[in-house]
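Participant: Quick one, run_30.cif (mmCIF, C-alpha atoms and all ligand atoms):
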data_structure
#
loop_
_atom_site.label_atom_id
_atom_site.label_comp_id
_atom_site.auth_asym_id
_atom_site.auth_seq_id
_atom_site.Cartn_x
_atom_site.Cartn_y
_atom_site.Cartn_z
CA MET A 1403 -39.01 -49.29 26.14
CA LEU A 1404 -35.33 -49.44 26.98
CA LYS A 1405 -34.52 -50.33 23.43
CA ARG A 1406 -36.46 -47.33 22.16
CA ILE A 1407 -34.63 -44.96 24.53
CA SER A 1408 -31.25 -46.23 23.46
CA ALA A 1409 -32.25 -45.85 19.83
CA LEU A 1410 -33.22 -42.25 20.54
CA VAL A 1411 -29.95 -41.61 22.36
CA LEU A 1412 -28.09 -43.12 19.46
CA ALA A 1413 -29.96 -40.94 16.99
CA GLY A 1414 -29.17 -37.91 19.14
CA LEU A 1415 -25.51 -38.78 19.25
CA THR A 1416 -25.35 -39.21 15.49
CA ALA A 1417 -27.01 -35.84 15.03
CA MET A 1418 -24.45 -34.26 17.36
CA THR A 1419 -21.56 -35.80 15.49
CA VAL A 1420 -22.93 -34.50 12.23
CA THR A 1421 -23.31 -30.94 13.54
CA SER A 1422 -19.89 -30.83 15.12
CA CYS A 1423 -18.41 -32.19 11.91
CA GLY A 1424 -20.16 -29.46 9.92
CA GLY A 1425 -18.96 -26.88 12.41
CA SER A 1426 -15.36 -27.96 12.15
CA GLY A 1427 -15.28 -27.15 8.46
CA GLY A 1428 -13.58 -30.46 7.76
CA GLY A 1429 -16.71 -32.00 6.28
CA GLY A 1430 -17.30 -29.15 3.86
CA GLY A 1431 -19.49 -27.21 6.29
CA SER A 1432 -18.88 -23.54 6.81
CA ILE A 1433 -16.01 -22.27 8.93
CA THR A 1434 -16.54 -19.84 11.80
CA MET A 1435 -13.68 -17.43 12.44
CA GLY A 1436 -13.35 -15.25 15.52
CA PHE A 1437 -11.39 -12.13 14.62
CA SER A 1438 -10.10 -9.63 17.18
CA GLN A 1439 -9.17 -6.34 15.53
CA VAL A 1440 -6.85 -3.74 17.12
CA GLY A 1441 -9.25 -0.82 16.79
CA ALA A 1442 -10.16 1.89 14.30
CA GLU A 1443 -7.15 4.14 14.87
CA SER A 1444 -6.19 4.85 11.27
CA GLY A 1445 -7.14 4.77 7.60
CA TRP A 1446 -5.02 1.63 7.33
CA ARG A 1447 -7.06 -0.08 10.02
CA THR A 1448 -10.39 0.85 8.43
CA ALA A 1449 -9.22 -0.59 5.11
CA ASN A 1450 -7.93 -3.72 6.86
CA THR A 1451 -11.25 -4.30 8.62
CA LYS A 1452 -13.13 -3.94 5.35
CA SER A 1453 -10.75 -6.34 3.62
CA VAL A 1454 -11.23 -8.97 6.35
CA GLN A 1455 -15.03 -8.60 6.38
CA ASP A 1456 -15.43 -8.60 2.59
CA SER A 1457 -13.15 -11.55 2.02
CA ALA A 1458 -14.78 -13.62 4.77
CA LYS A 1459 -18.08 -13.12 2.97
CA ASN A 1460 -16.55 -14.03 -0.39
CA ALA A 1461 -14.92 -17.13 1.07
CA GLY A 1462 -18.16 -18.27 2.76
CA ILE A 1463 -16.57 -17.97 6.20
CA THR A 1464 -18.78 -16.87 9.10
CA LEU A 1465 -16.97 -14.01 10.81
CA LYS A 1466 -17.33 -13.01 14.45
CA PHE A 1467 -15.65 -9.63 14.63
CA SER A 1468 -14.69 -7.47 17.59
CA ASP A 1469 -12.89 -4.13 17.88
CA ALA A 1470 -10.54 -3.86 20.89
CA GLN A 1471 -10.18 -0.08 20.83
CA GLN A 1472 -6.39 -0.41 21.04
CA LYS A 1473 -6.58 -2.27 24.40
CA GLN A 1474 -4.89 -5.61 24.95
CA GLU A 1475 -7.31 -6.56 27.75
CA ASN A 1476 -10.22 -6.25 25.29
CA GLN A 1477 -8.44 -8.51 22.82
CA ILE A 1478 -7.80 -11.12 25.50
CA LYS A 1479 -11.49 -11.01 26.46
CA ALA A 1480 -12.54 -11.40 22.83
CA ILE A 1481 -10.22 -14.37 22.31
CA ARG A 1482 -11.52 -16.05 25.48
CA SER A 1483 -15.08 -15.58 24.30
CA TYR A 1484 -14.21 -17.09 20.90
CA ILE A 1485 -12.73 -20.08 22.73
CA GLN A 1486 -15.94 -20.45 24.73
CA GLN A 1487 -18.03 -20.21 21.58
CA LYS A 1488 -15.88 -22.98 20.08
CA VAL A 1489 -15.16 -21.16 16.83
CA ASP A 1490 -13.19 -23.16 14.25
CA ILE A 1491 -10.33 -20.70 14.05
CA ILE A 1492 -9.19 -17.49 15.73
CA ALA A 1493 -7.35 -14.72 13.90
CA PHE A 1494 -6.15 -11.54 15.51
CA SER A 1495 -3.93 -8.55 15.08
CA PRO A 1496 -2.14 -8.16 18.43
CA VAL A 1497 -2.07 -4.54 19.56
CA VAL A 1498 1.27 -5.02 21.37
CA GLU A 1499 3.90 -7.75 21.02
CA SER A 1500 4.14 -9.11 24.55
CA GLY A 1501 1.78 -10.74 27.04
CA TRP A 1502 -0.06 -13.28 24.86
CA ASP A 1503 1.28 -16.63 26.06
CA THR A 1504 -1.48 -17.43 28.56
CA VAL A 1505 -4.44 -16.81 26.29
CA LEU A 1506 -2.74 -18.45 23.30
CA LYS A 1507 -2.11 -21.50 25.48
CA GLU A 1508 -5.82 -21.56 26.35
CA ALA A 1509 -6.70 -21.61 22.65
CA LYS A 1510 -4.18 -24.36 22.00
CA ASP A 1511 -5.55 -26.46 24.88
CA ALA A 1512 -9.04 -26.02 23.41
CA LYS A 1513 -7.60 -27.20 20.06
CA ILE A 1514 -8.59 -23.99 18.30
CA PRO A 1515 -5.91 -22.90 15.82
CA VAL A 1516 -4.76 -19.28 15.83
CA ILE A 1517 -3.49 -17.15 12.94
CA LEU A 1518 -1.64 -13.89 13.62
CA THR A 1519 -2.45 -11.23 11.10
CA ASP A 1520 -0.74 -7.87 10.53
CA ARG A 1521 1.21 -7.70 13.83
CA ALA A 1522 3.48 -10.20 15.54
CA VAL A 1523 3.76 -11.46 19.12
CA ASP A 1524 7.05 -12.07 20.93
CA SER A 1525 6.06 -15.49 22.34
CA LYS A 1526 9.01 -17.89 22.39
CA ASP A 1527 6.70 -20.85 21.80
CA THR A 1528 5.83 -20.59 18.12
CA SER A 1529 3.54 -23.63 18.37
CA LEU A 1530 1.00 -21.26 19.95
CA TYR A 1531 -0.02 -20.05 16.49
CA LYS A 1532 -0.13 -21.60 13.01
CA THR A 1533 1.20 -18.77 10.91
CA PHE A 1534 1.85 -15.04 10.84
CA LEU A 1535 0.57 -13.08 7.85
CA GLY A 1536 1.68 -9.47 7.45
CA SER A 1537 4.31 -6.95 6.46
CA ASP A 1538 8.00 -6.86 7.27
CA PHE A 1539 8.02 -3.72 9.43
CA VAL A 1540 11.80 -3.67 9.85
CA GLU A 1541 12.11 -3.56 6.08
CA GLU A 1542 9.61 -0.68 5.95
CA GLY A 1543 11.70 1.30 8.45
CA LYS A 1544 14.80 0.60 6.38
CA LYS A 1545 13.12 1.86 3.22
CA ALA A 1546 12.23 5.12 4.99
CA GLY A 1547 15.85 5.42 6.17
CA GLN A 1548 17.25 4.70 2.71
CA TRP A 1549 15.11 7.43 1.20
CA LEU A 1550 16.48 9.88 3.76
CA VAL A 1551 20.10 8.87 3.19
CA ASN A 1552 19.63 9.37 -0.53
CA GLU A 1553 17.77 12.67 -0.12
CA TYR A 1554 20.66 14.15 1.88
CA LYS A 1555 23.53 12.40 0.11
CA ASP A 1556 25.14 15.66 -1.06
CA SER A 1557 24.80 17.47 2.25
CA LYS A 1558 27.35 17.61 5.06
CA ASP A 1559 25.15 19.59 7.44
CA PRO A 1560 23.44 17.93 10.38
CA VAL A 1561 19.92 16.63 9.63
CA ASN A 1562 17.58 17.05 12.59
CA ILE A 1563 14.89 14.40 12.62
CA VAL A 1564 11.77 14.14 14.77
CA GLU A 1565 9.99 10.81 14.97
CA LEU A 1566 6.32 10.07 15.62
CA GLN A 1567 6.19 6.50 16.81
CA GLY A 1568 3.24 4.16 16.54
CA THR A 1569 1.51 2.57 19.54
CA THR A 1570 4.08 1.87 22.26
CA GLY A 1571 5.05 -1.80 22.36
CA SER A 1572 3.41 -2.64 19.00
CA ALA A 1573 5.37 -4.59 16.43
CA PRO A 1574 5.15 -1.87 13.75
CA ALA A 1575 6.35 0.82 16.17
CA ASN A 1576 9.25 -1.30 17.44
CA ASP A 1577 10.31 -2.50 14.01
CA ARG A 1578 9.83 0.70 12.02
CA LYS A 1579 11.96 2.47 14.60
CA SER A 1580 14.76 -0.08 14.58
CA GLY A 1581 14.84 -0.54 10.78
CA PHE A 1582 15.07 3.22 10.27
CA GLN A 1583 17.78 3.61 12.90
CA ASP A 1584 19.82 0.76 11.44
CA VAL A 1585 20.10 2.60 8.13
CA ILE A 1586 20.64 6.18 9.31
CA LYS A 1587 23.19 5.32 11.99
CA ALA A 1588 25.81 4.83 9.27
CA ASP A 1589 26.11 8.63 9.00
CA PRO A 1590 26.38 10.71 12.20
CA LYS A 1591 24.92 13.79 10.49
CA PHE A 1592 21.49 12.18 10.98
CA LYS A 1593 20.22 13.00 14.44
CA ILE A 1594 16.88 11.98 15.95
CA ILE A 1595 16.34 15.01 18.20
CA ALA A 1596 12.90 13.98 19.50
CA SER A 1597 10.89 10.76 19.37
CA GLN A 1598 7.52 10.11 20.93
CA THR A 1599 4.41 8.02 20.40
CA GLY A 1600 1.44 9.44 18.51
CA ASP A 1601 -0.48 6.18 18.94
CA PHE A 1602 -1.01 5.85 15.18
CA THR A 1603 -3.77 8.51 15.26
CA ARG A 1604 -4.15 11.84 13.49
CA ALA A 1605 -5.16 13.70 16.65
CA LYS A 1606 -2.18 12.48 18.66
CA GLY A 1607 0.16 13.06 15.71
CA LYS A 1608 -0.92 16.68 15.60
CA GLU A 1609 -0.65 17.16 19.35
CA VAL A 1610 2.83 15.66 19.62
CA MET A 1611 4.10 17.53 16.55
CA GLU A 1612 2.90 20.81 18.11
CA ALA A 1613 5.00 20.02 21.17
CA PHE A 1614 8.00 19.07 18.99
CA LEU A 1615 7.74 22.38 17.13
CA LYS A 1616 7.60 24.38 20.34
CA SER A 1617 10.72 22.84 21.84
CA ASN A 1618 12.77 22.41 18.65
CA PRO A 1619 13.20 25.45 16.41
CA ASP A 1620 15.29 23.56 13.90
CA ILE A 1621 13.49 20.47 12.56
CA ASP A 1622 14.54 19.28 9.09
CA VAL A 1623 12.66 15.99 8.81
CA LEU A 1624 9.64 14.24 10.27
CA TYR A 1625 9.54 10.45 10.21
CA ALA A 1626 6.02 9.30 11.11
CA HIS A 1627 5.32 5.59 11.56
CA ASN A 1628 2.02 5.98 9.69
CA ASP A 1629 0.25 8.36 7.30
CA ASP A 1630 -2.39 9.39 9.82
CA MET A 1631 0.13 10.75 12.33
CA GLY A 1632 1.91 12.46 9.44
CA LEU A 1633 -1.36 14.07 8.34
CA GLY A 1634 -2.02 15.32 11.88
CA ALA A 1635 1.53 16.67 12.00
CA ILE A 1636 1.00 18.53 8.71
CA GLU A 1637 -1.78 20.50 10.41
CA ALA A 1638 0.59 21.33 13.27
CA ILE A 1639 3.36 22.40 10.87
CA GLU A 1640 1.01 24.62 8.87
CA GLY A 1641 -0.35 26.02 12.13
CA ALA A 1642 3.20 27.01 13.07
CA GLY A 1643 3.55 28.91 9.78
CA LYS A 1644 5.87 26.39 8.12
CA VAL A 1645 5.49 24.57 4.82
CA PRO A 1646 5.21 20.77 5.11
CA GLY A 1647 7.26 18.98 2.46
CA LYS A 1648 9.60 21.98 2.09
CA ASP A 1649 10.58 23.55 5.44
CA ILE A 1650 10.14 20.16 7.04
CA LYS A 1651 10.45 17.06 4.86
CA ILE A 1652 8.11 14.23 5.73
CA VAL A 1653 8.41 10.48 5.29
CA THR A 1654 5.60 8.17 6.42
CA VAL A 1655 4.44 4.55 6.14
CA ASP A 1656 1.14 3.01 4.83
CA ALA A 1657 0.16 4.76 1.56
CA VAL A 1658 -3.56 5.12 2.35
CA LYS A 1659 -5.61 7.45 0.11
CA ASP A 1660 -5.28 10.58 2.26
CA GLY A 1661 -1.55 10.01 2.62
CA MET A 1662 -1.14 9.53 -1.12
CA GLN A 1663 -3.17 12.69 -1.73
CA ALA A 1664 -0.84 14.69 0.56
CA LEU A 1665 2.16 13.12 -1.20
CA SER A 1666 0.79 14.17 -4.62
CA ASP A 1667 0.15 17.65 -3.22
CA GLY A 1668 3.80 17.92 -2.15
CA LYS A 1669 3.08 17.98 1.59
CA ILE A 1670 4.64 14.57 2.17
CA ASN A 1671 7.92 13.69 0.45
CA PHE A 1672 7.98 9.89 0.47
CA ILE A 1673 5.70 7.03 1.57
CA VAL A 1674 6.63 3.44 2.26
CA GLU A 1675 3.70 1.21 1.38
CA CYS A 1676 2.15 -1.14 3.94
CA SER A 1677 -0.78 -3.04 2.50
CA PRO A 1678 -3.89 -3.52 4.66
CA LEU A 1679 -5.52 -5.84 2.10
CA LEU A 1680 -4.74 -9.00 4.04
CA GLY A 1681 -8.27 -10.46 3.96
CA PRO A 1682 -8.09 -12.79 0.92
CA GLN A 1683 -4.80 -14.39 2.03
CA LEU A 1684 -6.09 -14.71 5.59
CA MET A 1685 -9.19 -16.60 4.45
CA ASP A 1686 -7.11 -18.93 2.24
CA LEU A 1687 -4.79 -19.69 5.12
CA ALA A 1688 -7.73 -20.22 7.49
CA LYS A 1689 -9.32 -22.79 5.16
CA LYS A 1690 -6.06 -24.70 4.89
CA VAL A 1691 -5.41 -24.63 8.63
CA VAL A 1692 -8.94 -25.85 9.45
CA LYS A 1693 -8.49 -28.72 6.95
CA GLY A 1694 -5.27 -29.63 8.73
CA GLU A 1695 -3.07 -28.74 5.75
CA GLN A 1696 0.45 -27.41 6.21
CA VAL A 1697 0.88 -23.65 5.84
CA PRO A 1698 4.12 -21.62 5.83
CA ALA A 1699 5.07 -20.29 9.28
CA ARG A 1700 5.41 -16.78 7.85
CA VAL A 1701 3.64 -15.10 4.93
CA VAL A 1702 5.13 -11.70 4.07
CA THR A 1703 3.09 -9.03 2.26
CA GLN A 1704 4.48 -7.64 -1.02
CA GLU A 1705 4.99 -3.88 -0.88
CA THR A 1706 6.54 -0.92 -2.66
CA THR A 1707 7.36 2.76 -2.02
CA PHE A 1708 6.08 6.02 -3.55
CA THR A 1709 7.69 9.31 -4.53
CA GLN A 1710 5.52 12.40 -5.19
CA GLU A 1711 5.58 11.71 -8.95
CA GLN A 1712 4.63 8.07 -8.51
CA ALA A 1713 1.80 9.03 -6.16
CA LYS A 1714 0.30 11.33 -8.80
CA GLN A 1715 0.28 8.47 -11.28
CA VAL A 1716 -1.39 5.87 -9.09
CA LEU A 1717 -3.64 8.03 -6.90
CA SER A 1718 -6.86 7.43 -8.84
CA SER A 1719 -6.40 3.65 -8.87
CA ARG A 1720 -5.65 3.15 -5.17
CA GLN A 1721 -8.08 0.79 -3.47
CA TYR A 1722 -7.70 2.20 0.03
O1 LIG B 1 0.70 1.01 9.77
C1 LIG B 1 -1.05 1.83 11.15
C2 LIG B 1 -2.07 1.07 11.92
O2 LIG B 1 -0.28 -2.58 12.20
C3 LIG B 1 0.56 -2.17 10.05
O3 LIG B 1 -1.39 -0.07 12.37
C4 LIG B 1 -0.40 -1.79 11.09
C5 LIG B 1 -0.34 -0.34 11.49
C6 LIG B 1 -0.48 0.67 10.39
O4 LIG B 1 -2.68 1.80 12.86
O5 LIG B 1 -1.62 2.80 10.35
#
Now, as a test, write the supplied structure out as structure tokens.

Facilitator:
Amino acid sequence: MLKRISALVLAGLTAMTVTSCGGSGGGGGSITMGFSQVGAESGWRTANTKSVQDSAKNAGITLKFSDAQQKQENQIKAIRSYIQQKVDIIAFSPVVESGWDTVLKEAKDAKIPVILTDRAVDSKDTSLYKTFLGSDFVEEGKKAGQWLVNEYKDSKDPVNIVELQGTTGSAPANDRKSGFQDVIKADPKFKIIASQTGDFTRAKGKEVMEAFLKSNPDIDVLYAHNDDMGLGAIEAIEGAGKVPGKDIKIVTVDAVKDGMQALSDGKINFIVECSPLLGPQLMDLAKKVVKGEQVPARVVTQETTFTQEQAKQVLSSRQY
């Protein structure tokens, strides 16, 4: 009797080992990824979500996906639930840069690796995550600034700029602001006369631009941290009886379809590309990390910029 019980226990234990081995992905079984997305605030985000979902499917990775509606507390909850569910790997796009140490430490203690995708965290302890995949937002801000410097190179007059910032405290808002400022500060004729968050949404971009137009009669340039806020602002500018792209020049970041359409139509003057198609690289990195292979600490997305002419040429072939 005793012997039989111990044999059963043994069989049970073996079965458990086999399942957990399959679950870990190390033995060729499928990988489960918990992914906490920022929200659905922009065209960029929608394209990013699709890229992550499609490429998980293509890579044979089981994806648990949650949308945090631009709230850090929701992301922390999602990450904690992925830890409880013992997923093989967690990936997330942190809505803001600060305040992640505790939950990242919890994941580390549970031996669940974390990949940052799209946005960075400001944690000093870089052992809290395996790698960070995404754009160089400072560089994007610089590219927007360089376009402006070139556009006004023959003018001595002051250039009054209004800025629509992304979500307060987010890496792209912080970095696109500082990169832009770094370039334009070389010439005092460039003046940022108003700067406020539009939360990366069209609705907020429109609302804030309306307020800018009311209090500033003399706006030369709008720098919007993403296309969506720029598109909202275009509505506000047209509503105020001005011509976007002419009376007020517009430079934005992302290069999503609607942005590229407005650029081709002459309503936006220049777009700095920020690619949302991070899914395939994310899945490759996840497979390597789960296998215990070394991955680079930082993987930077390749990106370009678009003038109105260039937008016309590529518009029909854009994927997002
Ligand atoms: O530019 C904006 C989105 O984090 C790079 O978030 C991303 C930004 C993107 O809402 O449109």

Participant: Calculated over only C-alpha atoms, which of the candidates A:Leu1535, A:Val1691, A:Val1716, A:Ala1638 has the smallest distance to Leu1665 (chain A)?

Facilitator: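 Answer, going by the shortest atom-to-atom distance: A:Val1716.
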
Participant: Which residue, A:Ala1657, A:Met1685, A:Ala1664, A:Val1697, has the smallest gap to ligand LIG 1 (chain B) when you use all atoms listed in the file?

Facilitator: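 Of A:Ala1657, A:Met1685, A:Ala1664, A:Val1697, the one nearest ligand LIG 1 (chain B), counting all atoms listed in the file, is A:Ala1657.
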
Participant: Which residues of chain A come within 8 Å of ligand LIG 1 (chain B), and for each one, what is the closest pair of atoms and their distance in Å to one decimal, counting all atoms listed in the file, sorted by chain and residue number, as a tab-separated table?

Facilitator:
residue	atom	partner	partner_atom	distance
A:Ala1442	CA	B:LIG1	O4	7.6
A:Glu1443	CA	B:LIG1	O4	5.4
A:Ser1444	CA	B:LIG1	O4	4.9
A:Gly1445	CA	B:LIG1	O5	6.5
A:Trp1446	CA	B:LIG1	O5	4.7
A:Arg1447	CA	B:LIG1	C2	5.5
A:Ser1495	CA	B:LIG1	O2	7.6
A:Val1497	CA	B:LIG1	O2	7.8
A:Asp1520	CA	B:LIG1	O2	5.6
A:Arg1521	CA	B:LIG1	O2	5.6
A:Gly1536	CA	B:LIG1	C3	7.8
A:Ser1537	CA	B:LIG1	C3	7.1
A:Phe1539	CA	B:LIG1	C3	7.6
A:Gly1568	CA	B:LIG1	C1	7.3
A:Thr1569	CA	B:LIG1	O4	7.9
A:Ser1572	CA	B:LIG1	O2	7.7
A:Ala1573	CA	B:LIG1	O2	7.3
A:Pro1574	CA	B:LIG1	O2	5.7
A:Asp1601	CA	B:LIG1	O4	7.8
A:Phe1602	CA	B:LIG1	O4	5.0
A:Thr1603	CA	B:LIG1	O4	7.2
A:His1627	CA	B:LIG1	O1	6.7
A:Asn1628	CA	B:LIG1	O5	4.9
A:Asp1629	CA	B:LIG1	O5	6.6
A:Asp1630	CA	B:LIG1	O5	6.7
A:Val1655	CA	B:LIG1	O1	6.3
A:Asp1656	CA	B:LIG1	O1	5.3
A:Cys1676	CA	B:LIG1	O1	6.4
A:Ser1677	CA	B:LIG1	C3	7.7
A:Pro1678	CA	B:LIG1	C3	7.1

Participant: Pick the closest to Lys1616 (chain A) from A:Ala1546, A:Ala1480, A:Ile1639, A:Gln1710: which is it, counting all atoms listed in the file?

Facilitator: A:Ile1639

Participant: Have a look at A:Ser1666, A:Lys1693, A:Gly1441, A:Glu1609 and name the one nearest to Glu1711 (chain A); count all atoms listed in the file.

Facilitator: A:Ser1666

Participant: Nearest residue to Asn1671 (chain A) out of A:Val1610, A:Ala1596, A:Arg1720, A:Trp1549, using only C-alpha atoms?

Facilitator: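 Selected residue with least distance to Asn1671 (chain A): A:Trp1549.
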
Participant: How many Å lie between CA of Asp1584 (chain A) and CA of Asp1524 (chain A), rounded to one decimal?

Facilitator: 20.4 Å

Participant: What separation in Å, quoted to one decimal, exists between CA of Lys1479 (chain A) and CA of Lys1606 (chain A)?

Facilitator: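 Computing it gives 26.4 Å between the two atoms.
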
Participant: For the point (9.2, 9.5, 8.5) in file coordinates, what residues are within 9 Å, counting only C-alpha atoms? Give the answer as a list of chain:residue names?

Facilitator: A:Gly1543, A:Ala1546, A:Gly1547, A:Leu1550, A:Ile1563, A:Val1564, A:Glu1565, A:Leu1566, A:Phe1582, A:Val1623, A:Leu1624, A:Tyr1625, A:Ala1626, A:His1627, A:Asn1628, A:Gly1632, A:Lys1651, A:Ile1652, A:Val1653, A:Thr1654, A:Val1655, A:Phe1672, A:Ile1673

Participant: From the coordinates supplied, region 1472-1510 of chain A should be written with C-alpha atoms, as a tab-separated table (two decimals), in the first residue's frame.

Facilitator:
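Below is the file decode36.tsv, written as the result:
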chain	number	residue	atom	x	y	z
A	1472	GLN	CA	-2.98	55.67	-19.28
A	1473	LYS	CA	-2.94	54.92	-15.51
A	1474	GLN	CA	0.17	53.72	-13.73
A	1475	GLU	CA	-1.86	52.06	-10.96
A	1476	ASN	CA	-3.57	49.85	-13.56
A	1477	GLN	CA	-0.21	48.83	-14.98
A	1478	ILE	CA	1.10	47.93	-11.52
A	1479	LYS	CA	-2.03	45.83	-10.93
A	1480	ALA	CA	-1.60	44.06	-14.26
A	1481	ILE	CA	2.07	43.30	-13.57
A	1482	ARG	CA	1.22	41.93	-10.11
A	1483	SER	CA	-1.43	39.69	-11.62
A	1484	TYR	CA	1.05	38.41	-14.23
A	1485	ILE	CA	3.45	37.60	-11.39
A	1486	GLN	CA	0.69	35.68	-9.62
A	1487	GLN	CA	-0.16	33.81	-12.79
A	1488	LYS	CA	3.52	32.87	-13.10
A	1489	VAL	CA	3.87	33.95	-16.72
A	1490	ASP	CA	7.26	33.22	-18.31
A	1491	ILE	CA	8.01	36.82	-19.14
A	1492	ILE	CA	6.51	40.26	-18.59
A	1493	ALA	CA	6.74	43.08	-21.12
A	1494	PHE	CA	5.33	46.53	-20.63
A	1495	SER	CA	5.35	50.05	-21.90
A	1496	PRO	CA	5.55	52.22	-18.77
A	1497	VAL	CA	3.14	55.16	-18.95
A	1498	VAL	CA	5.46	57.37	-16.86
A	1499	GLU	CA	9.16	57.02	-16.07
A	1500	SER	CA	9.19	56.96	-12.28
A	1501	GLY	CA	7.70	54.78	-9.54
A	1502	TRP	CA	8.41	51.26	-10.84
A	1503	ASP	CA	11.09	49.96	-8.48
A	1504	THR	CA	8.78	48.12	-6.06
A	1505	VAL	CA	6.80	46.16	-8.60
A	1506	LEU	CA	9.88	45.42	-10.72
A	1507	LYS	CA	11.57	44.08	-7.59
A	1508	GLU	CA	8.56	41.82	-7.01
A	1509	ALA	CA	8.94	40.40	-10.52
A	1510	LYS	CA	12.66	39.89	-10.00
